[in-house]
Structures are given as structure tokens and as C-alpha cells.
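Engineer: File name final12.pdb; file contents PDB, C-alpha atoms; full text below.
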ATOM      1  CA  MET A   1      43.729  70.896   5.421
ATOM      2  CA  ILE A   2      46.908  70.862   7.488
ATOM      3  CA  ILE A   3      47.001  67.877   9.825
ATOM      4  CA  ALA A   4      48.749  68.152  13.157
ATOM      5  CA  SER A   5      49.025  65.889  16.172
ATOM      6  CA  LYS A   6      49.306  66.858  19.823
ATOM      7  CA  LYS A   7      52.743  66.919  21.364
ATOM      8  CA  PRO A   8      53.125  64.747  24.472
ATOM      9  CA  ILE A   9      52.294  66.774  27.566
ATOM     10  CA  GLU A  10      55.633  65.799  29.161
ATOM     11  CA  GLU A  11      57.476  67.496  26.285
ATOM     12  CA  ILE A  12      55.360  70.640  26.631
ATOM     13  CA  ILE A  13      55.953  70.727  30.396
ATOM     14  CA  GLN A  14      59.724  70.612  29.791
ATOM     15  CA  GLU A  15      59.550  73.457  27.292
ATOM     16  CA  VAL A  16      57.401  75.815  29.367
ATOM     17  CA  LYS A  17      58.586  75.090  32.902
ATOM     18  CA  ASP A  18      60.806  78.169  33.140
ATOM     19  CA  TYR A  19      58.173  80.726  32.104
ATOM     20  CA  LYS A  20      56.027  82.313  34.782
ATOM     21  CA  ARG A  21      53.298  83.810  32.593
ATOM     22  CA  LEU A  22      52.117  81.732  29.676
ATOM     23  CA  LEU A  23      49.534  82.297  26.964
ATOM     24  CA  ILE A  24      48.185  79.180  25.272
ATOM     25  CA  LEU A  25      47.141  80.265  21.815
ATOM     26  CA  GLY A  26      44.834  78.048  19.767
ATOM     27  CA  CYS A  27      43.790  78.319  16.145
ATOM     28  CA  ASN A  28      40.250  77.961  14.845
ATOM     29  CA  GLU A  29      41.160  76.484  11.480
ATOM     30  CA  CYS A  30      42.804  73.189  10.457
ATOM     31  CA  VAL A  31      44.085  72.220  13.907
ATOM     32  CA  THR A  32      40.577  72.612  15.319
ATOM     33  CA  VAL A  33      39.176  70.222  12.725
ATOM     34  CA  CYS A  34      41.904  67.656  13.364
ATOM     35  CA  GLU A  35      41.363  68.074  17.122
ATOM     36  CA  ALA A  36      44.931  69.035  17.943
ATOM     37  CA  GLY A  37      44.940  72.758  18.643
ATOM     38  CA  GLY A  38      41.469  74.256  18.781
ATOM     39  CA  LYS A  39      39.663  75.950  21.664
ATOM     40  CA  LYS A  40      38.855  72.650  23.300
ATOM     41  CA  GLU A  41      42.445  71.425  23.216
ATOM     42  CA  VAL A  42      43.619  74.789  24.544
ATOM     43  CA  GLU A  43      41.247  74.453  27.525
ATOM     44  CA  VAL A  44      42.347  70.909  28.299
ATOM     45  CA  LEU A  45      46.055  71.686  28.008
ATOM     46  CA  ALA A  46      45.753  74.864  30.081
ATOM     47  CA  SER A  47      43.891  73.033  32.824
ATOM     48  CA  ALA A  48      46.407  70.171  32.855
ATOM     49  CA  LEU A  49      49.416  72.514  32.939
ATOM     50  CA  ARG A  50      47.899  74.674  35.678
ATOM     51  CA  MET A  51      47.313  71.612  37.848
ATOM     52  CA  HIS A  52      50.762  70.185  37.153
ATOM     53  CA  PHE A  53      52.620  73.343  38.108
ATOM     54  CA  ILE A  54      50.486  74.000  41.203
ATOM     55  CA  LYS A  55      51.247  70.465  42.341
ATOM     56  CA  GLU A  56      54.955  71.023  41.732
ATOM     57  CA  GLY A  57      54.835  74.207  43.820
ATOM     58  CA  ASN A  58      55.616  76.286  40.755
ATOM     59  CA  GLU A  59      52.280  78.025  40.151
ATOM     60  CA  LYS A  60      52.049  79.933  36.887
ATOM     61  CA  LYS A  61      49.686  82.350  35.258
ATOM     62  CA  ILE A  62      48.349  80.337  32.333
ATOM     63  CA  ASP A  63      45.778  82.029  30.120
ATOM     64  CA  GLU A  64      43.873  80.797  27.082
ATOM     65  CA  LYS A  65      43.024  82.433  23.794
ATOM     66  CA  THR A  66      41.984  81.002  20.449
ATOM     67  CA  LEU A  67      42.323  83.064  17.287
ATOM     68  CA  GLU A  68      40.386  82.634  14.085
ATOM     69  CA  ARG A  69      43.710  81.985  12.332
ATOM     70  CA  GLN A  70      47.342  82.396  13.260
ATOM     71  CA  CYS A  71      48.499  82.661   9.653
ATOM     72  CA  ASP A  72      46.901  86.071   9.063
ATOM     73  CA  HIS A  73      48.042  89.518  10.191
ATOM     74  CA  GLU A  74      44.557  90.725  11.037
ATOM     75  CA  TYR A  75      43.759  87.938  13.500
ATOM     76  CA  LEU A  76      47.206  87.989  15.082
ATOM     77  CA  GLU A  77      46.704  91.696  15.774
ATOM     78  CA  GLU A  78      44.021  90.686  18.293
ATOM     79  CA  ILE A  79      46.660  89.759  20.853
ATOM     80  CA  ARG A  80      48.871  92.822  20.396
ATOM     81  CA  GLY A  81      47.385  94.480  23.452
ATOM     82  CA  ILE A  82      47.962  91.506  25.760
ATOM     83  CA  VAL A  83      51.116  89.894  24.443
ATOM     84  CA  ASP A  84      53.374  91.857  26.814
ATOM     85  CA  ASN A  85      51.576  90.312  29.789
ATOM     86  CA  TYR A  86      53.228  86.974  29.024
ATOM     87  CA  ASP A  87      56.751  85.572  29.150
ATOM     88  CA  ALA A  88      56.021  83.093  26.365
ATOM     89  CA  ILE A  89      53.319  81.913  24.008
ATOM     90  CA  LEU A  90      52.534  78.235  23.618
ATOM     91  CA  SER A  91      50.955  78.047  20.181
ATOM     92  CA  LEU A  92      48.769  75.115  19.219
ATOM     93  CA  ALA A  93      48.631  76.200  15.578
ATOM     94  CA  CYS A  94      50.481  74.449  12.772
ATOM     95  CA  GLY A  95      54.094  75.340  12.014
ATOM     96  CA  VAL A  96      52.899  78.205   9.835
ATOM     97  CA  GLY A  97      50.925  79.778  12.659
ATOM     98  CA  VAL A  98      53.734  79.355  15.171
ATOM     99  CA  GLN A  99      56.258  81.001  12.851
ATOM    100  CA  PHE A 100      53.966  83.806  11.794
ATOM    101  CA  THR A 101      53.179  84.599  15.433
ATOM    102  CA  ALA A 102      56.899  84.519  16.229
ATOM    103  CA  GLU A 103      57.656  86.916  13.369
ATOM    104  CA  LYS A 104      54.971  89.305  14.510
ATOM    105  CA  TYR A 105      55.879  89.267  18.201
ATOM    106  CA  HIS A 106      59.621  89.264  17.907
ATOM    107  CA  SER A 107      60.498  89.601  21.581
ATOM    108  CA  THR A 108      58.152  86.890  22.888
ATOM    109  CA  PRO A 109      59.399  83.289  22.880
ATOM    110  CA  LEU A 110      57.104  80.947  20.927
ATOM    111  CA  ILE A 111      56.731  77.268  21.779
ATOM    112  CA  PRO A 112      54.895  74.831  19.491
ATOM    113  CA  GLY A 113      52.292  72.644  21.158
ATOM    114  CA  VAL A 114      51.601  70.367  18.194
ATOM    115  CA  ASN A 115      53.571  68.466  15.583
ATOM    116  CA  THR A 116      52.545  69.550  12.096
ATOM    117  CA  CYS A 117      52.255  66.383  10.009
ATOM    118  CA  PHE A 118      50.930  66.785   6.461
ATOM    119  CA  LEU A 119      48.195  68.017   4.111
ATOM    120  CA  GLY A 120      45.439  65.504   4.420
ATOM    121  CA  ALA A 121      41.798  64.600   4.564
ATOM    122  CA  ASN A 122      39.502  63.650   7.409
ATOM    123  CA  GLU A 123      39.021  60.081   6.248
ATOM    124  CA  GLN A 124      36.965  59.060   9.252
ATOM    125  CA  ARG A 125      36.519  60.287  12.814
ATOM    126  CA  GLY A 126      39.941  60.206  14.419
ATOM    127  CA  MET A 127      41.790  59.225  11.241
ATOM    128  CA  TRP A 128      43.527  61.592   8.859
ATOM    129  CA  THR A 129      45.451  60.545   5.769
ATOM    130  CA  GLU A 130      47.849  62.333   3.468
ATOM    131  CA  ARG A 131      46.600  63.541   0.102
ATOM    132  CA  CYS A 132      48.905  66.322  -1.070
ATOM    133  CA  GLN A 133      52.570  67.230  -0.836
ATOM    134  CA  ALA A 134      52.140  70.730  -2.244
ATOM    135  CA  CYS A 135      54.585  69.991  -5.077
ATOM    136  CA  GLY A 136      53.498  73.159  -6.866
ATOM    137  CA  SER A 137      52.570  71.637 -10.238
ATOM    138  CA  CYS A 138      49.457  69.516 -10.028
ATOM    139  CA  ILE A 139      49.166  66.476 -12.287
ATOM    140  CA  LEU A 140      45.875  65.114 -10.920
ATOM    141  CA  ALA A 141      44.151  65.702 -14.256
ATOM    142  CA  ARG A 142      46.342  63.019 -15.813
ATOM    143  CA  THR A 143      46.207  60.548 -12.947
ATOM    144  CA  GLY A 144      42.481  60.122 -12.442
ATOM    145  CA  GLY A 145      42.400  62.480  -9.457
ATOM    146  CA  ILE A 146      44.767  60.320  -7.417
ATOM    147  CA  CYS A 147      48.144  61.809  -6.576
ATOM    148  CA  PRO A 148      51.204  59.614  -7.147
ATOM    149  CA  ILE A 149      53.417  62.218  -5.458
ATOM    150  CA  SER A 150      51.711  62.059  -2.083
ATOM    151  CA  ARG A 151      50.270  58.564  -2.156
ATOM    152  CA  CYS A 152      53.058  56.547  -3.764
ATOM    153  CA  ALA A 153      55.978  55.869  -1.419
ATOM    154  CA  LYS A 154      58.437  56.271  -4.303
ATOM    155  CA  ARG A 155      56.618  59.173  -5.978
ATOM    156  CA  VAL A 156      56.726  57.161  -9.184
ATOM    157  CA  MET A 157      55.439  59.095 -12.197
ATOM    158  CA  ASN A 158      54.857  56.101 -14.456
ATOM    159  CA  GLY A 159      53.809  53.331 -12.119
ATOM    160  CA  PRO A 160      53.229  50.974 -10.607
ATOM    161  CA  CYS A 161      56.654  49.792  -9.576
ATOM    162  CA  GLY A 162      57.596  46.166  -8.989
ATOM    163  CA  GLY A 163      56.658  46.446  -5.317
ATOM    164  CA  SER A 164      52.943  46.626  -6.048
ATOM    165  CA  SER A 165      51.236  43.392  -5.093
ATOM    166  CA  LYS A 166      47.484  42.694  -5.146
ATOM    167  CA  GLY A 167      46.798  46.416  -5.065
ATOM    168  CA  LYS A 168      48.963  47.031  -1.996
ATOM    169  CA  CYS A 169      52.320  48.723  -1.530
ATOM    170  CA  GLU A 170      55.464  46.837  -0.573
ATOM    171  CA  ILE A 171      56.230  49.177   2.335
ATOM    172  CA  ASN A 172      53.025  48.242   4.116
ATOM    173  CA  LYS A 173      50.494  45.567   3.253
ATOM    174  CA  GLU A 174      47.659  47.808   4.420
ATOM    175  CA  LEU A 175      48.690  50.706   2.214
ATOM    176  CA  ASP A 176      46.958  50.959  -1.147
ATOM    177  CA  CYS A 177      49.244  51.137  -4.170
ATOM    178  CA  ALA A 178      48.565  54.623  -5.562
ATOM    179  CA  TRP A 179      49.152  53.429  -9.119
ATOM    180  CA  GLN A 180      46.700  50.562  -8.680
ATOM    181  CA  LEU A 181      44.138  53.154  -7.584
ATOM    182  CA  ILE A 182      45.026  55.330 -10.574
ATOM    183  CA  VAL A 183      44.661  52.459 -13.071
ATOM    184  CA  ASP A 184      41.365  51.356 -11.469
ATOM    185  CA  ARG A 185      39.953  54.877 -11.585
ATOM    186  CA  LEU A 186      41.086  55.528 -15.167
ATOM    187  CA  ARG A 187      39.441  52.247 -16.177
ATOM    188  CA  ASP A 188      36.189  53.239 -14.437
ATOM    189  CA  LEU A 189      36.305  56.604 -16.170
ATOM    190  CA  GLY A 190      36.845  54.919 -19.540
ATOM    191  CA  ARG A 191      40.147  56.742 -19.917
ATOM    192  CA  LEU A 192      42.577  53.867 -19.723
ATOM    193  CA  ASP A 193      44.258  55.123 -22.904
ATOM    194  CA  ASP A 194      45.640  58.006 -20.797
ATOM    195  CA  TYR A 195      47.590  55.468 -18.800
ATOM    196  CA  GLU A 196      49.578  54.609 -21.923
ATOM    197  CA  ILE A 197      50.894  58.172 -22.209
ATOM    198  CA  VAL A 198      54.345  58.319 -20.651
ATOM    199  CA  ALA A 199      54.517  61.156 -18.162
ATOM    200  CA  PRO A 200      57.285  63.672 -18.890
ATOM    201  CA  ILE A 201      60.035  64.323 -16.369
ATOM    202  CA  LYS A 202      58.466  66.324 -13.590
ATOM    203  CA  ASP A 203      59.647  69.843 -12.931
ATOM    204  CA  TRP A 204      60.622  69.640  -9.266
ATOM    205  CA  SER A 205      61.723  73.268  -9.091
ATOM    206  CA  THR A 206      58.236  74.186  -7.855
ATOM    207  CA  GLU A 207      58.559  71.671  -5.051
ATOM    208  CA  ARG A 208      60.322  72.297  -1.734
ATOM    209  CA  ALA A 209      63.607  71.156  -3.313
ATOM    210  CA  GLY A 210      63.713  74.516  -5.077
ATOM    211  CA  GLY A 211      63.956  76.307  -1.726
ATOM    212  CA  PRO A 212      61.221  78.146   0.231
ATOM    213  CA  ARG A 213      58.393  79.101  -2.088
ATOM    214  CA  LYS A 214      56.316  82.177  -2.624
ATOM    215  CA  VAL A 215      53.093  82.915  -4.487
ATOM    216  CA  VAL A 216      52.692  86.506  -5.629
ATOM    217  CA  ARG A 217      49.393  87.642  -7.116
ATOM    218  CA  GLU A 218      49.712  91.191  -8.312
ATOM    219  CA  ASP A 219      46.076  91.183  -9.469
ATOM    220  CA  VAL A 220      44.810  90.893  -5.908
ATOM    221  CA  GLN A 221      47.426  93.055  -4.255
ATOM    222  CA  VAL A 222      46.373  96.498  -3.045
TER     223      VAL A 222
ATOM    224  CA  MET B   1      14.725  52.337  49.065
ATOM    225  CA  ARG B   2      16.462  54.403  51.760
ATOM    226  CA  LEU B   3      19.867  53.195  50.688
ATOM    227  CA  LYS B   4      22.955  54.350  52.526
ATOM    228  CA  CYS B   5      25.666  56.067  50.550
ATOM    229  CA  PRO B   6      28.466  58.534  51.374
ATOM    230  CA  ALA B   7      27.454  62.169  51.753
ATOM    231  CA  ASN B   8      30.719  63.582  50.431
ATOM    232  CA  PHE B   9      30.041  63.558  46.721
ATOM    233  CA  ARG B  10      28.140  65.931  44.529
ATOM    234  CA  ILE B  11      25.978  64.737  41.666
ATOM    235  CA  VAL B  12      26.282  66.675  38.429
ATOM    236  CA  ARG B  13      23.411  65.750  36.174
ATOM    237  CA  LEU B  14      23.923  65.399  32.442
ATOM    238  CA  PRO B  15      21.345  64.796  29.715
ATOM    239  CA  CYS B  16      23.497  61.832  28.645
ATOM    240  CA  THR B  17      27.013  60.799  29.664
ATOM    241  CA  GLY B  18      27.920  61.497  26.026
ATOM    242  CA  LYS B  19      27.742  65.185  27.005
ATOM    243  CA  ILE B  20      30.769  64.888  29.247
ATOM    244  CA  ASP B  21      34.092  66.138  28.005
ATOM    245  CA  VAL B  22      37.657  65.789  29.225
ATOM    246  CA  ILE B  23      37.658  69.432  30.298
ATOM    247  CA  HIS B  24      34.675  68.893  32.636
ATOM    248  CA  ILE B  25      36.579  66.174  34.462
ATOM    249  CA  LEU B  26      39.806  68.196  34.604
ATOM    250  CA  ARG B  27      37.972  71.305  35.866
ATOM    251  CA  ALA B  28      36.537  69.260  38.733
ATOM    252  CA  PHE B  29      40.085  68.373  39.788
ATOM    253  CA  GLU B  30      41.263  71.934  39.277
ATOM    254  CA  LYS B  31      38.498  73.077  41.612
ATOM    255  CA  GLY B  32      39.589  70.611  44.273
ATOM    256  CA  ALA B  33      37.650  67.383  43.726
ATOM    257  CA  ASP B  34      39.498  64.317  45.013
ATOM    258  CA  GLY B  35      37.899  61.980  42.500
ATOM    259  CA  VAL B  36      35.351  61.903  39.719
ATOM    260  CA  TYR B  37      33.212  59.031  38.626
ATOM    261  CA  VAL B  38      30.876  58.968  35.700
ATOM    262  CA  VAL B  39      27.788  56.789  35.833
ATOM    263  CA  GLY B  40      26.297  55.967  32.460
ATOM    264  CA  CYS B  41      23.679  53.589  31.137
ATOM    265  CA  MET B  42      24.490  49.958  30.422
ATOM    266  CA  GLU B  43      26.649  49.523  27.349
ATOM    267  CA  GLY B  44      24.398  48.881  24.383
ATOM    268  CA  ASP B  45      21.446  50.543  26.130
ATOM    269  CA  CYS B  46      22.255  54.167  25.372
ATOM    270  CA  HIS B  47      19.173  56.103  24.287
ATOM    271  CA  PHE B  48      21.454  58.105  21.995
ATOM    272  CA  LYS B  49      23.206  54.943  20.783
ATOM    273  CA  SER B  50      26.807  55.697  21.703
ATOM    274  CA  GLY B  51      26.794  58.334  24.458
ATOM    275  CA  ASN B  52      28.125  56.012  27.142
ATOM    276  CA  PHE B  53      30.879  54.708  24.847
ATOM    277  CA  ARG B  54      31.977  58.265  24.134
ATOM    278  CA  ALA B  55      31.938  58.989  27.858
ATOM    279  CA  ARG B  56      34.129  55.967  28.572
ATOM    280  CA  LYS B  57      36.680  57.119  26.007
ATOM    281  CA  ARG B  58      36.753  60.610  27.475
ATOM    282  CA  VAL B  59      37.112  59.252  30.982
ATOM    283  CA  GLU B  60      40.092  57.223  29.722
ATOM    284  CA  GLN B  61      41.589  60.333  28.072
ATOM    285  CA  ALA B  62      41.168  62.323  31.280
ATOM    286  CA  ALA B  63      42.768  59.482  33.266
ATOM    287  CA  LYS B  64      45.774  59.498  30.945
ATOM    288  CA  ILE B  65      46.235  63.255  31.340
ATOM    289  CA  LEU B  66      45.859  63.039  35.120
ATOM    290  CA  ASP B  67      48.492  60.314  35.197
ATOM    291  CA  LYS B  68      50.910  62.402  33.159
ATOM    292  CA  ILE B  69      50.556  65.489  35.337
ATOM    293  CA  GLY B  70      50.956  63.458  38.514
ATOM    294  CA  VAL B  71      47.431  63.805  39.893
ATOM    295  CA  GLY B  72      46.656  60.125  39.286
ATOM    296  CA  GLY B  73      44.451  58.575  36.627
ATOM    297  CA  GLU B  74      42.939  56.137  39.114
ATOM    298  CA  ARG B  75      40.976  59.032  40.622
ATOM    299  CA  VAL B  76      38.566  58.959  37.696
ATOM    300  CA  LYS B  77      36.387  56.015  36.778
ATOM    301  CA  MET B  78      33.415  55.103  34.619
ATOM    302  CA  PHE B  79      30.579  52.897  35.835
ATOM    303  CA  ASN B  80      27.599  51.529  33.932
ATOM    304  CA  LEU B  81      24.237  50.659  35.366
ATOM    305  CA  SER B  82      20.592  50.849  34.418
ATOM    306  CA  SER B  83      18.210  53.400  35.892
ATOM    307  CA  GLY B  84      16.497  50.659  37.939
ATOM    308  CA  GLU B  85      19.648  49.731  39.812
ATOM    309  CA  GLY B  86      19.569  52.059  42.804
ATOM    310  CA  PRO B  87      21.365  49.589  45.116
ATOM    311  CA  LEU B  88      24.195  49.293  42.578
ATOM    312  CA  PHE B  89      24.445  53.098  42.397
ATOM    313  CA  ALA B  90      24.843  53.195  46.170
ATOM    314  CA  GLN B  91      27.386  50.384  46.027
ATOM    315  CA  TYR B  92      29.469  52.184  43.390
ATOM    316  CA  SER B  93      29.468  55.383  45.418
ATOM    317  CA  ILE B  94      30.685  53.455  48.492
ATOM    318  CA  GLU B  95      33.334  51.735  46.346
ATOM    319  CA  MET B  96      34.565  55.024  44.887
ATOM    320  CA  ASP B  97      34.532  56.753  48.279
ATOM    321  CA  LYS B  98      36.662  53.941  49.741
ATOM    322  CA  LYS B  99      39.101  54.064  46.845
ATOM    323  CA  ILE B 100      39.544  57.835  46.936
ATOM    324  CA  LYS B 101      40.040  57.781  50.711
ATOM    325  CA  GLU B 102      42.805  55.218  50.198
ATOM    326  CA  LEU B 103      44.416  57.469  47.564
ATOM    327  CA  GLY B 104      44.213  60.512  49.803
ATOM    328  CA  PRO B 105      43.321  64.069  48.850
ATOM    329  CA  ASN B 106      43.866  65.621  45.424
ATOM    330  CA  PRO B 107      47.545  66.776  45.363
ATOM    331  CA  VAL B 108      46.583  69.980  43.530
ATOM    332  CA  LYS B 109      44.224  70.913  46.369
ATOM    333  CA  VAL B 110      46.871  69.984  48.954
ATOM    334  CA  ALA B 111      49.456  72.227  47.240
ATOM    335  CA  LEU B 112      47.021  75.148  47.060
ATOM    336  CA  GLN B 113      46.057  74.781  50.732
ATOM    337  CA  ALA B 114      49.732  74.626  51.753
ATOM    338  CA  LYS B 115      50.409  77.803  49.786
ATOM    339  CA  LYS B 116      47.470  79.580  51.446
ATOM    340  CA  LYS B 117      48.696  78.562  54.884
ATOM    341  CA  ALA B 118      52.202  79.791  54.166
ATOM    342  CA  ALA B 119      50.904  83.162  52.955
TER     343      ALA B 119
END
Transcribe the structure of this file into C-alpha cells.
Structural biologist:
Amino acid sequence: MIIASKKPIEEIIQEVKDYKRLLILGCNECVTVCEAGGKKEVEVLASALRMHFIKEGNEKKIDEKTLERQCDHEYLEEIRGIVDNYDAILSLACGVGVQFTAEKYHSTPLIPGVNTCFLGANEQRGMWTERCQACGSCILARTGGICPISRCAKRVMNGPCGGSSKGKCEINKELDCAWQLIVDRLRDLGRLDDYEIVAPIKDWSTERAGGPRKVVREDVQV
Amino acid sequence: MRLKCPANFRIVRLPCTGKIDVIHILRAFEKGADGVYVVGCMEGDCHFKSGNFRARKRVEQAAKILDKIGVGGERVKMFNLSSGEGPLFAQYSIEMDKKIKELGPNPVKVALQAKKKAA
């Protein structure tokens, strides 16, 4: 899922201080699971902002709403009837949700309430780690299910590099060397011969370097 | 025991302090409370194992938010005692009452009252 982290409340206060009527818009998907922008976070932020602005003598109308998703037309339509009641929307969705809402409601200023970080897993309560960089051409079948693009600092395709020491990466002694993990897993799977195969040069045109990407599926289009 | 304690606080009963959330504490301040204190079981004695630890973390989170918005994180505090410690409960309530009186009223409430008066 997409991992996001909360923006500092001071930053949010600065961004919204000039708007009189504000809608705080949460998202029920990834940001709810990573506890950055779900219904609960919307409630807490709304309460904190209301109190702050009352105290400052600058009382605002701050309302709360959480959509199922902000990256889908159908759910974003739910606020069409109320969006004109607000001077701005503070969206706690990931960057995708914020932008999609902004595209849909062109005349309403959109302010992001979270920092979108990466595609990751919920490793343990309160800890999320990166697992995918959405490079667009998955090689996990050849690397024992461990991604050298997202988990190796150098994105080395035929690793490990010389910075791997006792299974850890040179950039951080607590960070596992992705290639050590790959070799260990291939050994456990009895597929160590695969490690000998030199990976071809990766086609990076499917990655972000090739510009903004698009997936078109004519078979599911109506 | 007929213990003396201040009459200016309201007890909100929870099945376990682990039920409390940051929003409950913030709402109390939004509604005009001058302070909030959470009384949980002794650490290590939680019937649900970690309820009082969760509560402490949430109290700390609420305190941080209150500090950032200028209401004051010192207005919220977590205490631990066992159910047999009535005198300690009374003592904590006196302690909290004294502390909140020193801090003065909740600035959000003060601002709202000033606005009402002006209107």
C-alpha cells in the first residue's frame, strides 16, 4: 500500500490560516491503514485546528468527511454537493488523492495534510518499510521474491556490491543488504544456480525516468 | 472512607483506559474542560495486558498536540493506581485540581466566552 506520514500541525496551520471555511477530507484506504489520513486522523486534526483558531481569535468553520477513496471518480462525486460550501479542502489522502480531488474540483484550493512516502508493507505496528518502487517491469521471479530495486540503495542488478558487510548495507548498519537476502532466499529455495545468471540491462523506460506513466486496458474499458 | 476531593471534575468511566483515544481528550478541551487526567491501573497489572500502556501513549500524543496548538500539554496527565487505593485517587484529584488552577482556564474556553460577551 501507499505509505504516508502526517505533516506537522504547525505546517498545516500555516497553509490553512487564510481560509474561513475548511473541509478536512480523509481517505479510507492506504492512509487509514498507515494511520496518517483516515477518519480518526481527520477527527483529531479537525479538533486541534478548531481549538487553535478559536484561541487565536480567528474562528473557522472546519468540517470533516472521509471518503472511501480519493483516487476514484465515483467516491469523489460524493462531495460535489457540498464542495462549494468551503474555501479550501485539506486532503489527508496520498498525493494521488490530493491531485485527483484538485482535478475534479478545479476552483477549490487543495492542501495536502500528509507527506506521501513510498509503497511499503506494515512490518509491525507503527513501522512501515519500503518494498516496491513501481519500476514497471517486475523482476521478483528472478530474485527470490526480494526486490533489488527498492531494497538495495544502489539498485544493483547483479549484487551484492562491495559495500555489503555481514549481511548489512554500507549506508546503514541496521539495513539488510538486499542482495544478501536474495542469495539467502535462493539458497533456501534450492535455486542458487539462478544467482549465476547475469541479469540483462534493465529497461528503465517503464520506470518514472520515462516520464509520467499510464496503464490502458482496452479489455476492461466500457 | 469519606475522603475529601475537589467537586469540580467529572468522572468519565471507561471499560479500560486502553479504550481512550486522542480524540476523546481533545473533545473534552474543545467542550471547555480546563484539564484532563486519565487514571489507569498499575503498570503491569492491566487486565487486558497493555491497556494502560496504550492510554499513556495516547495521553502523550494528546499532550503534544495541545502544546502545538497553544492550549498546553501540561493540562493532560496520566496517573496509575490500583483499585484499592482510594486515598491515592483523592490525592491525585487534589494534585490535578491545584495544577490546573495554577495554569488558569482553558484558553479555548476563554476565547469563546470573550466572543460571546462581545456579541
Engineer: Specify as a short mmCIF file (atom, residue, chain, number, x, y, z; two decimals) with C-alpha atoms, in the coordinates of the input each residue included when the ChimeraX specification (/A :<10) & /B is applied to this file.
Structural biologist:
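Wrote result_26.cif, looks like this:
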data_model
loop_
_atom_site.label_atom_id
_atom_site.label_comp_id
_atom_site.auth_asym_id
_atom_site.auth_seq_id
_atom_site.Cartn_x
_atom_site.Cartn_y
_atom_site.Cartn_z
CA ASP B 21 34.09 66.14 28.00
CA VAL B 22 37.66 65.79 29.22
CA ILE B 23 37.66 69.43 30.30
CA HIS B 24 34.67 68.89 32.64
CA ILE B 25 36.58 66.17 34.46
CA LEU B 26 39.81 68.20 34.60
CA ARG B 27 37.97 71.31 35.87
CA PHE B 29 40.08 68.37 39.79
CA GLU B 30 41.26 71.93 39.28
CA LYS B 31 38.50 73.08 41.61
CA ALA B 62 41.17 62.32 31.28
CA ILE B 65 46.24 63.26 31.34
CA LEU B 66 45.86 63.04 35.12
CA LYS B 68 50.91 62.40 33.16
CA ILE B 69 50.56 65.49 35.34
CA GLY B 70 50.96 63.46 38.51
CA VAL B 71 47.43 63.80 39.89
CA ASN B 106 43.87 65.62 45.42
CA PRO B 107 47.54 66.78 45.36
CA VAL B 108 46.58 69.98 43.53
CA LYS B 109 44.22 70.91 46.37
CA VAL B 110 46.87 69.98 48.95
CA ALA B 111 49.46 72.23 47.24
CA LEU B 112 47.02 75.15 47.06
CA ALA B 114 49.73 74.63 51.75
CA LYS B 115 50.41 77.80 49.79
#
Engineer: Which polymer residues have any atom within 6 Å of an atom of stretch 77-81 of chain B, counting all atoms listed in the file, with same-chain residues fewer than 6 positions away left out, as JSON, numbers by chain?
Structural biologist: {"B": [37, 38, 39, 40, 41, 42]}
Engineer: Fewer than 4 positions away in the same chain doesn't count, so skip those; otherwise give me all residues within 9 Å of A:Leu92, counting only C-alpha atoms, as a list in words.
Structural biologist: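 These residues fall inside the cut-off: Lys6, Ile24, Leu25, Gly26, Cys27, Val31, Ala36, Gly37, Gly38, Glu41, Val42, Gly97, Val98, Ile111, Pro112, Gly113, Val114 and Asn115 of chain A.
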Engineer: Could you check how far atom CA of B:Ala90 sits from atom CA of B:Ile20, in Å to one decimal?
Structural biologist: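 Between atom CA of B:Ala90 and atom CA of B:Ile20 the gap is 21.4 Å.
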Engineer: Which residues are near A:Arg191? Cut-off 12 Å, all atoms listed in the file, ignore same chain within fewer than 3 positions. Put them as a list in words.
Structural biologist: Ala141, Arg142, Thr143, Gly144, Ile182, Val183, Asp184, Arg185, Leu186, Arg187, Asp188, Asp194, Tyr195, Glu196 and Ile197 of chain A
Engineer: Just the number, please: distance in Å from atom CA of A:Arg151 to atom CA of A:Gly210, one decimal.
Structural biologist: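 Taking atom CA of A:Arg151 and atom CA of A:Gly210, their separation equals 21.1 Å.
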Engineer: List the residues matched by the PyMOL selection byres ((chain A and resi 176) around 12) in the displayed structure as a PyMOL selection string, ordered by chain and then by residue number.
Structural biologist: chain A and resi 129+146+148+151-153+160+163-175+177-182+184
Engineer: Which polymer residues, protein or nucleic acid, are no farther than 12 Å from (50.4, 67.5, -7.4), counting only C-alpha atoms, as a count of residues only?
Structural biologist: 30
Engineer: Could you check which of B:Cys5, B:Phe48, B:Ala33, B:Glu43 is closest to B:Lys19, using all atoms listed in the file?
Structural biologist: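 For B:Lys19, the nearest of the candidates is B:Phe48.
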Engineer: Quick one: stretch 56-67 of chain B with N, CA and C atoms, as a PDB file, in the coordinates of the input?
Structural biologist:
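File produced: part.pdb:
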ATOM      1  N   ARG B  56      33.052  56.848  28.107  1.00  0.00           N
ATOM      2  CA  ARG B  56      34.129  55.967  28.572  1.00  0.00           C
ATOM      3  C   ARG B  56      35.464  56.381  27.963  1.00  0.00           C
ATOM      4  N   LYS B  57      35.439  56.689  26.665  1.00  0.00           N
ATOM      5  CA  LYS B  57      36.680  57.119  26.007  1.00  0.00           C
ATOM      6  C   LYS B  57      37.217  58.405  26.628  1.00  0.00           C
ATOM      7  N   ARG B  58      36.312  59.326  26.918  1.00  0.00           N
ATOM      8  CA  ARG B  58      36.753  60.610  27.475  1.00  0.00           C
ATOM      9  C   ARG B  58      37.260  60.443  28.900  1.00  0.00           C
ATOM     10  N   VAL B  59      36.626  59.540  29.629  1.00  0.00           N
ATOM     11  CA  VAL B  59      37.112  59.252  30.982  1.00  0.00           C
ATOM     12  C   VAL B  59      38.532  58.676  30.891  1.00  0.00           C
ATOM     13  N   GLU B  60      38.747  57.807  29.908  1.00  0.00           N
ATOM     14  CA  GLU B  60      40.092  57.223  29.722  1.00  0.00           C
ATOM     15  C   GLU B  60      41.109  58.308  29.341  1.00  0.00           C
ATOM     16  N   GLN B  61      40.683  59.237  28.459  1.00  0.00           N
ATOM     17  CA  GLN B  61      41.589  60.333  28.072  1.00  0.00           C
ATOM     18  C   GLN B  61      41.948  61.189  29.289  1.00  0.00           C
ATOM     19  N   ALA B  62      40.924  61.496  30.096  1.00  0.00           N
ATOM     20  CA  ALA B  62      41.168  62.323  31.280  1.00  0.00           C
ATOM     21  C   ALA B  62      42.113  61.586  32.234  1.00  0.00           C
ATOM     22  N   ALA B  63      41.917  60.277  32.364  1.00  0.00           N
ATOM     23  CA  ALA B  63      42.768  59.482  33.266  1.00  0.00           C
ATOM     24  C   ALA B  63      44.222  59.534  32.805  1.00  0.00           C
ATOM     25  N   LYS B  64      44.409  59.453  31.496  1.00  0.00           N
ATOM     26  CA  LYS B  64      45.774  59.498  30.945  1.00  0.00           C
ATOM     27  C   LYS B  64      46.439  60.835  31.272  1.00  0.00           C
ATOM     28  N   ILE B  65      45.688  61.919  31.062  1.00  0.00           N
ATOM     29  CA  ILE B  65      46.235  63.255  31.340  1.00  0.00           C
ATOM     30  C   ILE B  65      46.564  63.383  32.826  1.00  0.00           C
ATOM     31  N   LEU B  66      45.641  62.920  33.670  1.00  0.00           N
ATOM     32  CA  LEU B  66      45.859  63.039  35.120  1.00  0.00           C
ATOM     33  C   LEU B  66      47.080  62.239  35.551  1.00  0.00           C
ATOM     34  N   ASP B  67      47.295  61.117  34.904  1.00  0.00           N
ATOM     35  CA  ASP B  67      48.492  60.314  35.197  1.00  0.00           C
ATOM     36  C   ASP B  67      49.748  61.082  34.828  1.00  0.00           C
TER      37      ASP B  67
END
